[in-house]
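Asks: Have a look at this one before I ask anything.
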Amino acid sequence: MSPSAISSADVQLGTNPNDLEPHWMPFTGNRQFKAAPRLLVKAKDMHYTNADGKQILDGTAGLWCVNAGHSRQPIIEAVQKQVATLDYAPGFQMGHPLSFALAARLASMLPETLDHVFFTNSGSEAADTALKIALAYHHSTGQSSKKILIGRSRGYHGVGFGGLSVGGMAPNKKQFGNLLGNVDHLPHTHSLEHNAFSRGQPEWGAVRAAELEELVALHGADNIAAVIVEPMAGSTGVLIPPVGYLERLRDICHKNNILLIFDEVITGFGRLGASFACERFGVTPDIVTLAKGLTNATIPMGAVVTSHEIYDTVIQNAAQEIELFHGYTYSGHPVACAAALATLDLYKEEELFQRAADLEGYWEEGVHSLKDCRNVIDIRNMGLVAGIELEPREGSPTARAFETFLKCYEDGVLLRTTGDTIALSPPLIIEQHQIDQLISTINKQLETVE
Ligand SMILES: Cc1ncc(COP(=O)(O)O)c(C=O)c1O
């Protein structure tokens, strides 16, 4: 489609191709996109409508975030009402009732020990906030030497300096140098040799958690503040935690007074067929980060949920009136809180987390039916998530997956790719026939990609 073809009343662009130029798009090949734009102008339930008026089945819940499906009426109404009632209230030294209601609601959904909530506006801010809270906690206990933050290779914790530093996706880091000092990384758990075509949790890989003991021996427990991992790594290509892996991390952290942070920005709110990954895996961290599905992506919002032990320690030991020198202008924004509360109501009324659990078997059969497709070297799945890994094309890694993405989009299905992995994470309202459409479109298009 030429840029001039997108000048419809819906998108209000002029006929000048330079209309697209001023927007520096995130994580996008700007030159490529602007030469052949893909513009979405409407969304309802499982579908986007693009600027050509074509319906696109959403196989990715936007960016892993529209868990209840698009433009849901109760969320729209809650947002409209709130913006007309209290558009904004300062969050520093002032408050409004909705943020307290939302904090209580989230605390009631998470394991009992996780019961204090700090609001942010995104997953990146949630990751940075969680790392800062971990440092503040050890500072409060007088253990200021505990400063090292441990992430994981192939981890993704957003794009702030903290999250990027503990993250382990090389392309995201190489333009920016070494970032934070005081950081180290665990190895990831992905191994085609041991784990290819696992269904649910792979059997092999808990051994990789033992590397944390090596890092403790190397740096000394007295110097390590926290370990942050995604319980299931999403953005780096759907890496499901091996059996026993998270339990082992929990145990080592506990023994060494290291805080364990689960980044649940993707895994929260039903994605794995339970409210949160910590529930699904039965492992409770000290801190959880949330975003995305929290508001069904209607309004940006993130959150960090900590144990009462962390909250009490920082609050009780503070030498000054303000206990934590941290916060954002929009922390606990009233419109975001209204969207989140309506979203949580919708999840509950429609039992969407259970729906994801109920669909898991059908989903698993569907995605694994692609096993013998051209270039497929691995398929992994859990809840309503799947990763389909392709053999990288010699000399141009990532091209094969990206071409599949483009072809599927032309064929009416939205996928996401990361490296040479196709990542699927549809809204939890997906119907079986829509799963069939998703799978058959991928099946068809994979055969056309060299
Ligand atoms: C696990 C995880 N943490 C953090 C982030 C960053 O969230 P945001 O893009 O809202 O800053 C993401 C985004 O995909 C994520 O998957």
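Chains: A, B, ... in order of the structure tokens. Residues: from 1 per chain. Ligands: from 1, in order shown.
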Which protein, DNA or RNA residues have an atom within 8 Å of ligand 1, counting only C-alpha atoms and all ligand atoms, as number ranges by chain?
Replies: A: 63-64, 121-127, 155-160, 163, 230, 233-235, 263-267, 289-292, 300-302
Asks: Grab the residues selected above and save them as a compact mmCIF listing (two decimals), in the first residue's frame with N, CA and C atoms.
Replies:
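Saved the output as part22.txt:
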```txt
# COMPACT_ATOMS: atom_id res chain seq x y z
N LEU A 63 0.33 -6.20 22.00
CA LEU A 63 1.69 -6.61 22.41
C LEU A 63 1.55 -7.37 23.73
N TRP A 64 0.93 -8.49 23.73
CA TRP A 64 0.71 -9.34 24.91
C TRP A 64 -0.12 -8.61 25.97
N ASN A 121 3.75 3.51 35.21
CA ASN A 121 2.97 3.70 33.96
C ASN A 121 3.28 2.68 32.88
N SER A 122 4.22 1.80 33.14
CA SER A 122 4.63 0.84 32.10
C SER A 122 5.38 -0.29 32.77
N GLY A 123 5.65 -1.31 31.96
CA GLY A 123 6.45 -2.42 32.45
C GLY A 123 7.89 -2.02 32.70
N SER A 124 8.42 -1.15 31.84
CA SER A 124 9.81 -0.70 32.03
C SER A 124 9.95 0.03 33.36
N GLU A 125 9.02 0.91 33.62
CA GLU A 125 9.07 1.63 34.90
C GLU A 125 8.86 0.68 36.07
N ALA A 126 8.04 -0.33 35.87
CA ALA A 126 7.83 -1.30 36.95
C ALA A 126 9.13 -2.05 37.24
N ALA A 127 9.85 -2.43 36.19
CA ALA A 127 11.12 -3.16 36.40
C ALA A 127 12.12 -2.27 37.12
N GLY A 155 16.73 -12.38 28.98
CA GLY A 155 15.63 -11.77 29.75
C GLY A 155 15.24 -10.44 29.12
N TYR A 156 13.98 -10.05 29.29
CA TYR A 156 13.54 -8.71 28.85
C TYR A 156 12.79 -8.04 29.99
N HIS A 157 13.30 -6.89 30.40
CA HIS A 157 12.65 -6.13 31.47
C HIS A 157 12.46 -4.68 31.05
N GLY A 158 12.15 -4.48 29.78
CA GLY A 158 11.88 -3.15 29.30
C GLY A 158 13.15 -2.40 28.93
N VAL A 159 13.00 -1.08 28.80
CA VAL A 159 14.04 -0.29 28.15
C VAL A 159 14.63 0.82 29.03
N GLY A 160 14.22 0.88 30.29
CA GLY A 160 14.87 1.82 31.20
C GLY A 160 16.30 1.35 31.47
N GLY A 163 16.24 -1.88 33.80
CA GLY A 163 15.70 -3.08 33.14
C GLY A 163 16.58 -3.54 32.00
N GLU A 230 11.80 -13.26 34.30
CA GLU A 230 10.42 -13.48 33.87
C GLU A 230 10.16 -14.96 34.15
N ALA A 233 9.76 -16.37 29.94
CA ALA A 233 10.28 -15.26 29.15
C ALA A 233 9.48 -15.15 27.86
N GLY A 234 8.86 -14.00 27.64
CA GLY A 234 8.00 -13.85 26.47
C GLY A 234 8.70 -13.20 25.30
N SER A 235 9.15 -11.97 25.49
CA SER A 235 9.66 -11.16 24.37
C SER A 235 10.89 -11.78 23.72
N ASP A 263 9.18 -10.82 37.05
CA ASP A 263 8.63 -9.85 36.12
C ASP A 263 7.44 -10.52 35.43
N GLU A 264 6.25 -10.15 35.90
CA GLU A 264 5.02 -10.77 35.38
C GLU A 264 4.27 -9.82 34.44
N VAL A 265 5.03 -8.96 33.78
CA VAL A 265 4.39 -7.99 32.88
C VAL A 265 3.61 -8.72 31.78
N ILE A 266 4.14 -9.83 31.33
CA ILE A 266 3.41 -10.64 30.33
C ILE A 266 2.60 -11.76 30.98
N THR A 267 3.18 -12.40 31.98
CA THR A 267 2.54 -13.61 32.52
C THR A 267 1.36 -13.30 33.44
N THR A 289 6.37 -7.63 39.29
CA THR A 289 6.05 -6.47 38.45
C THR A 289 4.90 -6.81 37.51
N LEU A 290 4.04 -5.84 37.28
CA LEU A 290 2.85 -6.01 36.44
C LEU A 290 2.70 -4.83 35.49
N ALA A 291 2.03 -5.02 34.39
CA ALA A 291 1.65 -3.92 33.47
C ALA A 291 0.66 -4.52 32.47
N LYS A 292 0.77 -4.16 31.24
CA LYS A 292 0.01 -4.73 30.11
C LYS A 292 -1.45 -5.10 30.45
N PRO A 300 -2.21 3.30 29.72
CA PRO A 300 -0.93 2.76 30.22
C PRO A 300 -0.91 2.71 31.75
N MET A 301 -0.44 1.57 32.28
CA MET A 301 -0.27 1.46 33.72
C MET A 301 0.61 0.27 34.05
N GLY A 302 1.45 0.41 35.07
CA GLY A 302 2.22 -0.70 35.58
C GLY A 302 2.13 -0.71 37.10
```
Asks: Could you give me, as a list in words, the residues within 10 Å of A:Thr343, counting only C-alpha atoms and dropping anything in the same chain fewer than 3 positions from it?
Replies: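 My list of contacting residues is Asn67, Ala68, Arg72, Pro74, Ile75, Ile76, Ala78, Phe269, Gly293, Leu294, Thr295, Asn296, Ala297, Thr298, Cys337, Ala338, Ala339, Ala340, Leu346, Tyr347, Lys348 and Glu349 of chain A.
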Asks: Apply DSSP to the backbone of this structure and, from stretch 33-128 of chain A, keep only the residues in strand (DSSP E); write these as a list of chain:residue names.
Replies: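 Of stretch 33-128 of chain A, the ones in strand (DSSP E) are A:Leu40, A:Val41, A:Lys42, A:Ala43, A:Lys44, A:His47, A:Tyr48, A:Thr49, A:Asn50, A:Gln55, A:Ile56, A:Leu57, A:Asp58, A:Leu114, A:Asp115, A:His116, A:Val117, A:Phe118, A:Phe119, A:Thr120.
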Asks: If you count only C-alpha atoms, which residues fall within 10 Å of A:Trp363, apart from same-chain ones fewer than 6 positions away, as a list of chain:residue names?
Replies: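 Here the qualifying residues turn out to be A:Ala356, A:Ala357, A:Ser369, A:Asn381, A:Met382, A:Gly383, A:Leu384, A:Val385, A:Ala386, A:Gln432, A:Ile435, A:Asp436, A:Ile439.
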Asks: Name all residues at most 7 Å from A:Ala43 (count only C-alpha atoms; drop same-chain ones fewer than 3 positions away) and give them as a ChimeraX atom specification.
Replies: /A:47-49,70-71
Asks: A:Gly244, A:Gly59, A:Gly327, A:Gly69: which is nearest A:Leu438, counting only C-alpha atoms?
Replies: A:Gly59
Asks: Residues near stretch 222-225 of chain A, anyone? I mean within 7 Å using only C-alpha atoms, not counting same-chain ones fewer than 5 positions away, as a ChimeraX atom specification.
Replies: /A:134-135,138,145-149,258-259
Asks: Counting only C-alpha atoms, what is within 12 Å of A:Ala170, bar same-chain residues fewer than 2 positions away, as a VMD selection string?
Replies: chain A and resid 152 to 156 164 to 168 172 to 178 236 419
Asks: Give me the residues near stretch 85-96 of chain A as a list in words, where near means some atom within 9 Å (using only C-alpha atoms) and where sequence neighbours in that chain fewer than 3 positions away do not count.
Replies: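 In the requested format, the answer is Gln80, Lys81, Gln82, Ser99, Phe100, Gly327, Tyr328, Thr329, Tyr330, Ser331, Gly332, His333, Pro334 and Val335 of chain A.
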Asks: Could you take the residues named above and write them with C-alpha atoms, as a compact mmCIF listing (two decimals), in the first residue's frame?
Replies:
```txt
# COMPACT_ATOMS: atom_id res chain seq x y z
CA GLN A 80 -15.30 7.76 30.01
CA LYS A 81 -16.93 8.21 33.41
CA GLN A 82 -13.65 8.68 35.23
CA SER A 99 -5.66 3.89 43.63
CA PHE A 100 -6.27 2.53 47.15
CA GLY A 327 7.47 8.07 42.00
CA TYR A 328 6.00 9.32 38.74
CA THR A 329 3.65 12.21 37.94
CA TYR A 330 1.18 9.64 36.71
CA SER A 331 1.64 6.95 39.42
CA GLY A 332 -1.87 5.71 40.19
CA HIS A 333 -3.47 7.95 37.54
CA PRO A 334 -7.24 7.98 38.23
CA VAL A 335 -8.24 7.10 34.66
```
Asks: In terms of the shortest atom-to-atom distance over only C-alpha atoms, which of A:Glu389, A:Leu246, A:Ser140, A:Gly151 is closest to A:Gln320?
Replies: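 Among A:Glu389, A:Leu246, A:Ser140, A:Gly151, it is A:Ser140 that comes nearest to A:Gln320.
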Asks: Give me, as a ChimeraX atom specification, the residues of stretch 60-165 of chain A that a backbone DSSP run labels helix (DSSP H, G or I).
Replies: /A:61-64,73-85,97-109,123-140,161-165
Asks: Given only C-alpha atoms as the basis, pick out the residue of A:Asp345, A:Pro26, A:Phe161, A:Glu247 nearest to A:Leu179.
Replies: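 Closest candidate: A:Phe161.
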Asks: Between A:Cys65, A:Lys371, A:Glu450, A:Asn182, single out the one closest to A:Glu394, counting only C-alpha atoms.
Replies: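 Closest to A:Glu394, using only C-alpha atoms: A:Glu450.
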Asks: Ranking A:Met25, A:Ala51, A:Val314, A:Ala217 by minimum distance to A:Gly142 and counting only C-alpha atoms, which one comes first?
Replies: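 Looking at the shortest contact to A:Gly142, the residue is A:Val314.
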Asks: With distances taken over only C-alpha atoms, which residue among A:Asp45, A:Asp19, A:Asp184, A:Glu279 lies nearest A:Pro111?
Replies: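 Of all the options, A:Glu279 lies closest to A:Pro111.
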Asks: Have a look at atom CA of A:Phe325 and atom CA of A:Gly181 and let me know their distance in Å, one decimal.
Replies: 21.3 Å
